[in-house]
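> Quick one: this structure, given as structure tokens, is what I'll be asking you about.
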Amino acid sequence: MTAYLARERQVAIQAVEQASKLCQAVFNRLVTSSTLTKKDKSPVTIADFGAQAVVNAILAQHFPEDPIVGEEDSKDLQGDTGREMRTKVVDLVNSIGERTMGEEEVLGAIDRGQYAGGATGRHWTLDPIDGTKGFLRGEQYAVCLALIIDGQVRLGVLGCPNLEQTHQPGSDPNSRGVLMVAVDGQGAFQRALTGIKDETRIHASSLSDTTQATFCESVESGHTRHDDSGRIGELLGITRPPVRIDSQCKYAALARGQADVYLRLPTRADYEEKIWDHAAGNIIVREAGGRVGDVTGSPLDFSHGRTLARNRGVVAASAGIFDQVVAAVQRVLGGAEKEE
Ligand SMILES: Nc1ncnc2c1ncn2[C@@H]1O[C@H](COP(=O)(O)O)[C@@H](OP(=O)(O)O)[C@H]1O
Ligand SMILES: [Mg+2]
Ligand SMILES: [Mg+2]
Ligand SMILES: [Mg+2]
């Protein structure tokens with residue numbers, strides 16, 4: 001008997017591995033110290049398009065019926081104005097992929113990601129590079145792919161090219177490149193992104209005392225409120241400084257017990273979190289034994305299209321402290337008053 005979603009798991013891993021390889025190649029070739037000082041975003045843009053083309057082409061080959069909710073579209077690659085970038089993306093895809101793709105095929109693959117999402121049937125969701133700012137700084141970023149069936153995330157894969165390997169006892173702390181994968185009901189695992197790919201089961205921490213907790217949050221103050229998380233930390237008696245990490249690598253840190261809490265506190269009333277920013281990390285943390293919700297503790301609802309329209313912010317934590325963390329978040333954000 002084959003396990004539930006066995007083929008999907010294998011194809012998703014292959015797609016994320018290929019896209020991660022492409023991103024690393026772009027970083028090594030194109031990102032220089034002058035890229036950062038000049039605020040030149042073009043390397044990450046090329047890698048973003050390239051990674052979405054590679055993943056979507058692999059999904060189309062194996063699951064031609066499945067729609068995809070992808071972050072990017074080919075608009076900026078069209079016409080005369082898009083020619084230079086288009087050529088670079090097509091060359092890049094062909095330098096990594098196993099078969100040659102023409103220009104139309106590359107653009108078509110990118111635009112398979114236009115699906116609107118929703119509550120019925122199955123669809124994939126892809127963030128070809130999550131943590132674009134981390135990518136440019138040479139810090140953490142992730143290729144994130146998940147399968148949603150009838151509104152529920154059932155499979156998630158994170159490719160984290162700059163994340164330290166911790167899966168083998170005595171493994172070299174300088175070895176980087178981790179892939180995490182989880183299927184509903186089967187647990188969460190990590191393995192090396194390249195080389196020996198033995199999988200090791202991972203677990204969120206079993207912490208019950210919040211004063212001992214390590215919390216993580218986005219590097220970017222535009223993506224989460226650092227002042228509010230500081231107050232929440234004080235309420236919980238947390239003394240360790242926050243660990244700031246870009247991308248869904250925050251979920252990865254939680255899933256393997258390196259952090260106990262992830263806070264993403266809304267910076268604006270009108271921002272809706274995107275499903276591709278959370279789907280893969282969500283199932284990986286849950287399958288590792290952690291819990292994920294929004295600032296009220298309600299589970300994230302992936303059935304409302306391309307965004308988490310019914311949720312605000314994200315709170316994730318080890319199961320033993322999740323309720324205490326949500327209570328502190330509510331006190332600081334004022335939710336407790338609304339409930340009275
Ligand atoms: N105002 C906002 N609040 C929360 N998230 C935001 C935001 N503006 C952009 N983002 C999202 O934050 C993601 C990065 O998260 P983090 O800060 O945790 O690394 C971005 O993903 P991309 O990098 O894929 O564009 C983007 O989708
Ligand atoms: Mg983006
Ligand atoms: Mg993202
Ligand atoms: Mg992205």
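In the structure tokens, chains take the letters A, B, ... in the order shown, each chain's residues start at 1, and ligands count up from 1 in the order shown.
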Env of segment 76-84 of chain A: 12 Å cut, atoms = only C-alpha atoms, seq-sep filter 5 positions within chain, self excluded. Answer as a list in words.

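Contacts, in chain order: Ser42, Thr45, Ile46, Phe49, Gly50, Val89, Val90, Asp91, Glu103, Glu104, Val106, Leu107, Gly108, Ile110 and Asp111 of chain A.
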
> Within 9 Å of ligand 4, which residues show up when you count only C-alpha atoms and all ligand atoms? List them as a PyMOL selection string, please.

chain A and resi 48+70-72+126-132+142-144+247+276-277

> Identify, on the basis of only C-alpha atoms, every residue whose closest approach to segment 116-123 of chain A does not exceed 8 Å; exclude the query and any residue fewer than 2 positions from it along the same chain; express the result as a PyMOL selection string.

chain A and resi 66-69+114+125+147-151+302-306

> Can I get the selected residues back with N, CA and C atoms, as a CSV table (one decimal), in the first residue's frame?


chain,number,residue,atom,x,y,z
A,66,ASP,N,-4.0,19.9,-11.7
A,66,ASP,CA,-4.0,20.7,-10.5
A,66,ASP,C,-3.8,22.2,-10.7
A,67,PRO,N,-4.7,23.1,-10.3
A,67,PRO,CA,-4.4,24.5,-10.4
A,67,PRO,C,-3.4,24.9,-9.3
A,68,ILE,N,-2.8,26.1,-9.5
A,68,ILE,CA,-1.7,26.6,-8.6
A,68,ILE,C,-2.0,28.0,-8.2
A,69,VAL,N,-1.9,28.3,-6.9
A,69,VAL,CA,-1.9,29.7,-6.5
A,69,VAL,C,-0.4,30.1,-6.2
A,114,GLN,N,-1.9,31.5,-11.5
A,114,GLN,CA,-2.9,32.6,-11.3
A,114,GLN,C,-4.2,32.1,-10.6
A,125,THR,N,-0.1,25.7,-3.6
A,125,THR,CA,0.3,27.1,-3.4
A,125,THR,C,1.8,27.2,-3.3
A,147,LEU,N,0.2,21.7,-0.7
A,147,LEU,CA,-1.0,21.2,-1.4
A,147,LEU,C,-2.2,21.4,-0.5
A,148,ILE,N,-3.2,22.0,-1.0
A,148,ILE,CA,-4.4,22.3,-0.2
A,148,ILE,C,-5.6,21.5,-0.8
A,149,ILE,N,-6.3,20.7,0.0
A,149,ILE,CA,-7.4,19.9,-0.5
A,149,ILE,C,-8.6,20.3,0.3
A,150,ASP,N,-9.6,20.7,-0.4
A,150,ASP,CA,-10.9,21.2,0.2
A,150,ASP,C,-10.6,22.1,1.4
A,151,GLY,N,-9.7,23.1,1.1
A,151,GLY,CA,-9.5,24.1,2.1
A,151,GLY,C,-8.5,23.8,3.2
A,302,PHE,N,-7.4,28.4,5.2
A,302,PHE,CA,-6.9,28.5,3.8
A,302,PHE,C,-7.9,28.4,2.7
A,303,SER,N,-9.2,28.5,3.1
A,303,SER,CA,-10.3,28.2,2.1
A,303,SER,C,-10.9,29.5,1.5
A,304,HIS,N,-10.3,30.6,1.7
A,304,HIS,CA,-10.9,31.9,1.3
A,304,HIS,C,-10.1,32.6,0.2
A,305,GLY,N,-9.6,31.8,-0.8
A,305,GLY,CA,-8.9,32.3,-1.9
A,305,GLY,C,-7.4,32.5,-1.7
A,306,ARG,N,-6.8,33.6,-2.3
A,306,ARG,CA,-5.4,33.7,-2.2
A,306,ARG,C,-4.9,34.3,-0.9

> Would you please give, as an MDAnalysis selection string, all residues of segment 56-234 of chain A that DSSP assigns to helix (DSSP H, G or I) based on the backbone?

chainID A and resid 56:62 74:77 83:96 103:113 132:137 210:212 226:234

> Identify, counting only C-alpha atoms and all ligand atoms, the protein, DNA and RNA residues located within 10 Å of ligand 1, and give them as a PyMOL selection string.

chain A and resi 44+48+71-72+126-135+140-144+216-225+244-251+262-278+312-314

> Write out as an MDAnalysis selection string the residues lying within 9 Å of segment 181-188 of chain A, counting only C-alpha atoms and excluding same-chain residues fewer than 4 positions away.

chainID A and resid 3:6 9 13 153:159 200:203 255 280 283:289
